[in-house]
$ cat entry.csv   # CSV, C-alpha atoms
chain,number,residue,atom,x,y,z
O,1,MET,CA,8.9,36.2,-137.5
O,2,SER,CA,6.9,39.4,-137.3
O,3,GLU,CA,8.3,42.0,-139.6
O,4,SER,CA,7.0,44.8,-137.4
O,5,LYS,CA,9.6,44.3,-134.7
O,6,HIS,CA,12.4,44.9,-137.2
O,7,HIS,CA,14.5,47.6,-135.7
O,8,ILE,CA,15.5,50.4,-138.1
O,9,THR,CA,18.6,52.4,-137.2
O,10,GLY,CA,18.5,56.0,-138.2
O,11,TYR,CA,21.2,57.5,-140.5
O,12,GLY,CA,22.3,59.8,-137.7
O,13,THR,CA,23.3,56.9,-135.5
O,14,TYR,CA,25.4,55.4,-138.3
O,15,VAL,CA,27.2,58.7,-139.0
O,16,LEU,CA,27.9,59.2,-135.2
O,17,VAL,CA,29.4,55.7,-135.0
O,18,TRP,CA,31.5,56.4,-138.1
O,19,LEU,CA,32.8,59.6,-136.5
O,20,GLY,CA,33.6,57.7,-133.4
O,21,LEU,CA,35.5,55.1,-135.5
O,22,LEU,CA,37.5,57.8,-137.2
O,23,ALA,CA,38.3,59.5,-133.9
O,24,LEU,CA,39.6,56.1,-132.5
O,25,THR,CA,41.7,55.6,-135.7
O,26,SER,CA,43.4,59.0,-135.2
O,27,LEU,CA,43.9,58.2,-131.5
O,28,THR,CA,45.5,54.8,-132.2
O,29,VAL,CA,47.9,56.5,-134.8
O,30,THR,CA,48.8,59.2,-132.4
O,31,VAL,CA,49.4,56.9,-129.5
O,32,ALA,CA,51.6,54.7,-131.6
O,33,GLY,CA,54.0,57.6,-131.9
O,34,ILE,CA,54.5,57.7,-128.1
O,35,ASP,CA,56.8,55.2,-126.6
O,36,LEU,CA,54.7,53.2,-124.0
O,37,GLY,CA,57.1,50.3,-123.8
O,38,ASN,CA,55.2,47.1,-123.2
O,39,PHE,CA,51.8,48.8,-123.1
O,40,THR,CA,52.0,49.8,-126.8
O,41,LEU,CA,50.5,46.5,-128.0
O,42,PHE,CA,47.9,46.5,-125.2
O,43,VAL,CA,46.7,50.0,-126.0
O,44,ALA,CA,46.6,49.3,-129.7
O,45,LEU,CA,44.6,46.1,-129.2
O,46,THR,CA,42.2,47.8,-126.7
O,47,ILE,CA,41.4,50.6,-129.2
O,48,ALA,CA,40.9,47.9,-131.9
O,49,ALA,CA,38.6,46.0,-129.6
O,50,ILE,CA,36.5,49.2,-128.9
O,51,LYS,CA,36.3,49.8,-132.7
O,52,SER,CA,35.2,46.2,-133.3
O,53,ALA,CA,32.5,46.5,-130.6
O,54,LEU,CA,31.1,49.6,-132.3
O,55,VAL,CA,31.1,47.9,-135.8
O,56,ILE,CA,29.6,44.6,-134.4
O,57,ASN,CA,26.9,46.3,-132.3
O,58,ILE,CA,25.7,49.0,-134.5
O,59,PHE,CA,26.8,48.4,-138.1
O,60,MET,CA,26.3,44.6,-137.9
O,61,HIS,CA,23.1,45.1,-135.9
O,62,ILE,CA,24.0,42.6,-133.2
O,63,LYS,CA,22.6,44.9,-130.5
O,64,PHE,CA,19.1,44.8,-132.0
O,65,ASP,CA,19.1,41.2,-133.3
O,66,GLU,CA,17.7,38.1,-131.7
O,67,PRO,CA,19.7,36.9,-128.6
O,68,ILE,CA,20.8,33.7,-130.5
O,69,PHE,CA,23.2,35.8,-132.6
O,70,LYS,CA,24.8,37.2,-129.4
O,71,PHE,CA,25.2,33.6,-128.2
O,72,PHE,CA,26.8,32.6,-131.6
O,73,LEU,CA,29.3,35.5,-131.2
O,74,LEU,CA,30.1,34.5,-127.7
O,75,VAL,CA,30.8,30.9,-128.6
O,76,SER,CA,33.1,31.8,-131.5
O,77,GLY,CA,34.8,34.5,-129.5
O,78,ALA,CA,35.3,32.1,-126.6
O,79,THR,CA,36.7,29.4,-129.0
O,80,LEU,CA,39.2,31.9,-130.4
O,81,PHE,CA,40.2,32.9,-126.9
O,82,VAL,CA,40.7,29.3,-125.8
O,83,ILE,CA,42.9,28.6,-128.8
O,84,PHE,CA,45.0,31.7,-128.1
O,85,ALA,CA,45.3,31.0,-124.4
O,86,LEU,CA,46.2,27.3,-124.8
O,87,THR,CA,48.8,28.1,-127.5
O,88,PHE,CA,50.5,30.7,-125.3
O,89,VAL,CA,50.5,28.4,-122.3
O,90,ASP,CA,52.2,25.9,-124.4
O,91,TYR,CA,54.6,28.5,-125.8
O,92,SER,CA,55.6,30.0,-122.5
O,93,PHE,CA,56.3,26.7,-120.7
O,94,ARG,CA,58.4,25.2,-123.4
I,1,MET,CA,-10.6,22.9,-144.2
I,2,THR,CA,-11.4,26.6,-144.5
I,3,HIS,CA,-8.2,27.4,-142.8
I,4,ASN,CA,-6.3,25.4,-145.4
I,5,ASN,CA,-8.0,27.2,-148.2
I,6,GLN,CA,-7.2,30.6,-146.8
I,7,ALA,CA,-3.6,29.5,-146.5
I,8,THR,CA,-3.4,28.6,-150.2
I,9,VAL,CA,-5.1,31.8,-151.3
I,10,HIS,CA,-2.6,34.0,-149.5
I,11,ALA,CA,0.3,31.6,-149.8
I,12,PRO,CA,3.2,34.0,-149.3
I,13,VAL,CA,6.5,32.7,-150.7
I,14,HIS,CA,8.2,31.0,-147.8
I,15,ARG,CA,11.1,33.0,-146.5
I,16,ASP,CA,13.1,32.6,-143.4
I,17,ASP,CA,15.1,35.8,-142.9
I,18,VAL,CA,16.4,34.8,-139.4
I,19,GLY,CA,17.5,31.5,-140.8
I,20,SER,CA,19.5,33.0,-143.7
I,21,LYS,CA,21.1,35.5,-141.3
I,22,MET,CA,22.0,32.7,-139.0
I,23,GLY,CA,23.7,30.9,-142.0
I,24,MET,CA,25.6,34.1,-142.8
I,25,TRP,CA,26.9,34.4,-139.2
I,26,LEU,CA,28.0,30.8,-139.2
I,27,PHE,CA,29.9,31.4,-142.3
I,28,LEU,CA,31.5,34.6,-140.8
I,29,PHE,CA,32.7,32.5,-137.8
I,30,THR,CA,34.5,30.1,-140.2
I,31,GLU,CA,36.1,33.3,-141.6
I,32,LEU,CA,37.0,34.4,-138.1
I,33,LEU,CA,38.7,31.2,-137.4
I,34,LEU,CA,40.6,31.3,-140.7
I,35,PHE,CA,42.0,34.7,-139.9
I,36,GLY,CA,42.3,33.8,-136.2
I,37,GLY,CA,44.8,31.1,-137.0
I,38,MET,CA,46.9,33.6,-138.9
I,39,PHE,CA,46.7,36.1,-136.1
I,40,LEU,CA,47.8,33.3,-133.8
I,41,ILE,CA,50.9,32.7,-135.9
I,42,TYR,CA,51.6,36.4,-135.9
I,43,ALA,CA,51.3,36.6,-132.1
I,44,VAL,CA,53.7,33.7,-131.4
I,45,TYR,CA,56.4,35.0,-133.8
I,46,ARG,CA,56.0,38.6,-132.6
I,47,PHE,CA,56.7,37.4,-129.1
I,48,GLN,CA,59.7,35.4,-130.3
I,49,PHE,CA,61.2,38.2,-132.4
I,50,PRO,CA,59.8,41.5,-130.9
I,51,ASP,CA,62.7,43.7,-131.9
I,52,GLN,CA,63.1,42.4,-135.5
I,53,PHE,CA,59.3,42.8,-136.0
I,54,LYS,CA,59.7,46.5,-135.0
I,55,VAL,CA,62.6,47.0,-137.4
I,56,ALA,CA,60.6,45.3,-140.3
I,57,ALA,CA,57.5,47.4,-139.6
I,58,MET,CA,59.5,50.7,-140.0
I,59,GLU,CA,59.4,50.1,-143.7
I,60,LEU,CA,55.6,50.2,-143.9
I,61,ASN,CA,54.0,53.5,-144.7
I,62,VAL,CA,51.7,54.5,-141.8
I,63,THR,CA,49.9,57.2,-143.9
I,64,VAL,CA,48.9,54.7,-146.6
I,65,GLY,CA,47.7,52.3,-143.9
I,66,ALA,CA,45.7,55.0,-142.1
I,67,LEU,CA,44.2,56.2,-145.4
I,68,ASN,CA,43.1,52.6,-146.2
I,69,THR,CA,41.6,52.4,-142.7
I,70,VAL,CA,39.5,55.5,-143.3
I,71,ILE,CA,38.4,54.2,-146.7
I,72,LEU,CA,37.2,50.9,-145.3
I,73,LEU,CA,35.5,52.5,-142.3
I,74,THR,CA,33.7,54.9,-144.6
I,75,SER,CA,32.6,52.0,-146.9
I,76,SER,CA,31.3,50.2,-143.9
I,77,LEU,CA,29.2,53.3,-143.1
I,78,THR,CA,27.8,53.6,-146.6
I,79,VAL,CA,26.8,49.9,-146.8
I,80,ALA,CA,25.0,50.3,-143.4
I,81,LEU,CA,23.3,53.4,-144.8
I,82,ALA,CA,22.3,51.5,-148.0
I,83,ILE,CA,20.4,49.0,-145.7
I,84,GLY,CA,18.9,51.9,-143.8
I,85,ALA,CA,17.7,53.5,-147.0
I,86,ILE,CA,16.0,50.4,-148.4
I,87,GLN,CA,14.3,49.9,-145.0
I,88,LYS,CA,12.9,53.4,-145.5
I,89,LYS,CA,11.7,52.5,-149.0
I,90,ASN,CA,14.3,54.8,-150.6
I,91,LYS,CA,15.5,52.7,-153.5
I,92,PHE,CA,17.4,55.5,-155.2
I,93,LEU,CA,19.4,56.4,-152.1
I,94,SER,CA,20.2,52.8,-151.4
I,95,ILE,CA,21.6,52.4,-154.9
I,96,ILE,CA,23.8,55.5,-154.4
I,97,PHE,CA,25.1,54.3,-151.1
I,98,LEU,CA,25.9,50.9,-152.4
I,99,ALA,CA,27.7,52.3,-155.5
I,100,VAL,CA,29.8,54.5,-153.2
I,101,THR,CA,30.7,51.5,-151.1
I,102,ILE,CA,31.9,49.7,-154.3
I,103,VAL,CA,34.0,52.8,-155.3
I,104,PHE,CA,35.6,52.9,-151.8
I,105,ALA,CA,36.4,49.1,-152.1
I,106,LEU,CA,38.1,49.7,-155.4
I,107,ALA,CA,40.0,52.7,-154.0
I,108,PHE,CA,41.2,50.4,-151.2
I,109,MET,CA,42.6,47.9,-153.7
I,110,ILE,CA,44.2,50.6,-155.9
I,111,ASN,CA,46.0,51.9,-152.8
I,112,LYS,CA,47.0,48.4,-151.9
I,113,PHE,CA,48.3,47.9,-155.4
I,114,PHE,CA,50.6,50.9,-155.2
I,115,GLU,CA,51.7,49.9,-151.7
I,116,TRP,CA,52.7,46.4,-152.7
I,117,SER,CA,54.3,47.6,-156.0
I,118,ALA,CA,56.5,50.0,-154.0
I,119,LYS,CA,57.6,47.2,-151.6
I,120,ILE,CA,58.3,44.8,-154.5
I,121,GLU,CA,60.3,47.5,-156.3
I,122,HIS,CA,62.4,47.9,-153.1
I,123,GLY,CA,63.1,44.1,-153.3
I,124,ILE,CA,60.9,43.3,-150.3
I,125,TYR,CA,58.8,40.2,-151.3
I,126,PRO,CA,58.8,36.6,-150.1
I,127,GLY,CA,62.0,34.8,-151.2
I,128,SER,CA,63.7,38.0,-152.5
I,129,GLU,CA,67.5,38.2,-152.2
I,130,TYR,CA,67.2,41.4,-150.2
I,131,LEU,CA,64.8,39.9,-147.7
I,132,LEU,CA,66.6,36.6,-147.3
I,133,GLY,CA,69.7,38.7,-146.3
I,134,LYS,CA,67.7,40.0,-143.3
I,135,SER,CA,67.1,38.5,-139.9
I,136,ASN,CA,64.5,35.6,-139.4
I,137,GLY,CA,62.1,38.0,-137.6
I,138,GLU,CA,62.0,40.4,-140.6
I,139,ILE,CA,61.5,37.5,-143.1
I,140,LEU,CA,58.6,36.2,-141.0
I,141,PHE,CA,57.1,39.7,-140.6
I,142,TYR,CA,57.0,40.2,-144.4
I,143,GLY,CA,55.8,36.6,-145.0
I,144,LEU,CA,52.9,37.3,-142.7
I,145,TYR,CA,52.3,40.8,-144.1
I,146,TYR,CA,51.9,39.4,-147.6
I,147,VAL,CA,49.8,36.4,-146.7
I,148,MET,CA,47.5,38.3,-144.3
I,149,THR,CA,46.9,41.5,-146.3
I,150,GLY,CA,46.8,39.4,-149.4
I,151,LEU,CA,44.0,37.2,-148.0
I,152,HIS,CA,42.3,40.3,-146.8
I,153,GLY,CA,42.6,41.9,-150.2
I,154,LEU,CA,41.1,38.8,-151.8
I,155,HIS,CA,38.1,39.2,-149.5
I,156,VAL,CA,37.8,42.8,-150.6
I,157,ILE,CA,37.7,41.7,-154.3
I,158,ILE,CA,35.1,39.1,-153.5
I,159,GLY,CA,33.2,41.8,-151.6
I,160,VAL,CA,33.2,44.0,-154.7
I,161,VAL,CA,31.8,41.2,-156.8
I,162,ILE,CA,29.0,40.4,-154.3
I,163,LEU,CA,28.1,44.0,-153.7
I,164,SER,CA,27.9,44.6,-157.5
I,165,VAL,CA,25.5,41.7,-157.9
I,166,ILE,CA,23.4,43.0,-155.1
I,167,LEU,CA,23.4,46.5,-156.7
I,168,VAL,CA,22.0,45.0,-159.9
I,169,MET,CA,19.3,43.1,-157.9
I,170,ILE,CA,18.2,46.3,-156.2
I,171,MET,CA,18.1,48.1,-159.5
I,172,LYS,CA,15.9,45.3,-160.9
I,173,GLY,CA,13.7,45.4,-157.8
I,174,SER,CA,14.3,41.8,-156.7
I,175,ILE,CA,15.8,43.3,-153.5
I,176,ASN,CA,13.3,45.8,-152.1
I,177,HIS,CA,12.0,47.2,-148.8
I,178,GLU,CA,10.1,44.0,-148.1
I,179,ASN,CA,12.9,41.6,-149.0
I,180,TYR,CA,16.4,42.9,-148.4
I,181,ILE,CA,18.0,40.0,-146.5
I,182,LYS,CA,20.5,39.5,-149.3
I,183,LEU,CA,21.6,43.1,-148.9
I,184,GLU,CA,21.8,42.7,-145.2
I,185,ASN,CA,23.9,39.5,-145.4
I,186,SER,CA,26.4,41.0,-147.9
I,187,GLY,CA,26.6,44.0,-145.6
I,188,LEU,CA,27.6,41.6,-142.8
I,189,TYR,CA,30.3,40.2,-145.0
I,190,TRP,CA,31.6,43.7,-145.8
I,191,HIS,CA,31.7,44.6,-142.1
I,192,LEU,CA,33.7,41.5,-141.4
I,193,VAL,CA,36.3,42.6,-144.0
I,194,ASP,CA,36.4,46.0,-142.2
I,195,LEU,CA,36.7,44.3,-138.8
I,196,ILE,CA,39.7,42.3,-139.9
I,197,TRP,CA,41.4,45.4,-141.2
I,198,ILE,CA,40.8,47.1,-137.9
I,199,PHE,CA,43.2,44.6,-136.3
I,200,LEU,CA,45.6,44.2,-139.3
I,201,PHE,CA,46.3,48.0,-139.3
I,202,PRO,CA,47.7,48.4,-135.8
I,203,LEU,CA,49.5,45.0,-135.8
I,204,PHE,CA,51.4,45.7,-139.0
I,205,TYR,CA,51.7,49.4,-139.5
I,206,LEU,CA,51.8,50.8,-136.0
I,207,LEU,CA,54.7,49.0,-134.4
I,208,GLN,CA,57.2,51.6,-133.2
$ encode --input "entry.csv" --output "structure tokens"
Amino acid sequence: MSESKHHITGYGTYVLVWLGLLALTSLTVTVAGIDLGNFTLFVALTIAAIKSALVINIFMHIKFDEPIFKFFLLVSGATLFVIFALTFVDYSFR
Amino acid sequence: MTHNNQATVHAPVHRDDVGSKMGMWLFLFTELLLFGGMFLIYAVYRFQFPDQFKVAAMELNVTVGALNTVILLTSSLTVALAIGAIQKKNKFLSIIFLAVTIVFALAFMINKFFEWSAKIEHGIYPGSEYLLGKSNGEILFYGLYYVMTGLHGLHVIIGVVILSVILVMIMKGSINHENYIKLENSGLYWHLVDLIWIFLFPLFYLLQ
């Protein structure tokens, strides 16, 4: 592997992502105080998913790494999704 | 022949950074499935006892949870900055950022200690008389709360140990701007700890 193509992320990018993460944290705490009924869980998980995407892409460098790592992530994510989906199908039709 | 000779003269130590990173990611996926199984149990029981889960969650302190979220997010930033610093050949800054990360990790655990102590003082712990007098949903909520935040806390402690070893290696120079894959991989582990908390926080603390 050539070392020269190693992507170096600047400090500024990291700090911006961190600020974004803090903003999303305060958003999720604020939204939790509002009664959204059945949407509460959905909103909380959506915000958590956006935060994870930021951490995985920038902090964990997935965005700049070899495509194989994206593929790894996709496979594990899909596995987890299938496990959840099958369990809930089983649970709701009991 | 000449080619062979040249190879022995320059003979760099064989290193496969992409390979080690791949190994680290594979390990992280086993971690993901470990916690994934627990999130699955949480999900099923939450759908079974939605109201009792809400009642149980009222006892948790949102401020403490939010503070710990900020602490972990910031420690994720500093470990990323530590990698950035070593890439830019700034060993001193890298050491500082990594040390700050470890301090934040310890702060998280101190916070957790006081949080758990307060709960246990109020008689809320698995198998306590007070808790057994409650509904099934509340008992399950606190069982999951202790197991999941406990396992997460264990990961934080392991993270502190790993990051401390890495810190010493940077100080001694065995991790440097040419060879920092160990720092990168420990950083990945630390970000995973952060990722899990990103989901634990709303699922346990923010149920209204």
$ closest_residue --input "entry.csv" --among "I:Ser164, I:Ser186, I:Asn111, I:Thr101" --to "chain O" --atoms "only C-alpha atoms"
I:Ser186
$ interface_residues --input "entry.csv" --of "chain I" --to "chain O" --cutoff "9 Å" --atoms "only C-alpha atoms" --output "PyMOL selection string"
chain I and resi 16-18+21-22+25-26+29-30+32-33+36-37+40+43-44+62+66+69-70+73-74+76-81+84-85+87-88+178+184+187-188+191-192+194-196+198-199+202-203+206-208
$ closest_residue --input "entry.csv" --among "I:Ala105, I:Leu144, I:Val160, I:Met24" --to "Ser75 in chain I" --atoms "only C-alpha atoms"
I:Ala105
$ atom_distance --input "entry.csv" --atom1 "CA of Leu24 in chain O" --atom2 "CA of Pro50 in chain I"
25.0 Å
$ atom_distance --input "entry.csv" --atom1 "CA of His122 in chain I" --atom2 "CA of Val193 in chain I"
28.1 Å
$ residues_around --input "entry.csv" --residues "Ile170 in chain I" --least-positions-apart "3" --cutoff "9 Å" --atoms "all atoms listed in the file" --output "ChimeraX atom specification"
/I:91,94-95,165-167,173-176,180,183
$ residues_near_point --input "entry.csv" --point "(38.2, 38.0, -148.5)" --cutoff "10 Å" --atoms "all atoms listed in the file" --output "VMD selection string"
chain I and resid 31 35 149 to 160 189 to 190 192 to 193 196
$ atom_distance --input "entry.csv" --atom1 "CA of Phe39 in chain I" --atom2 "CA of Glu59 in chain I"
20.4 Å
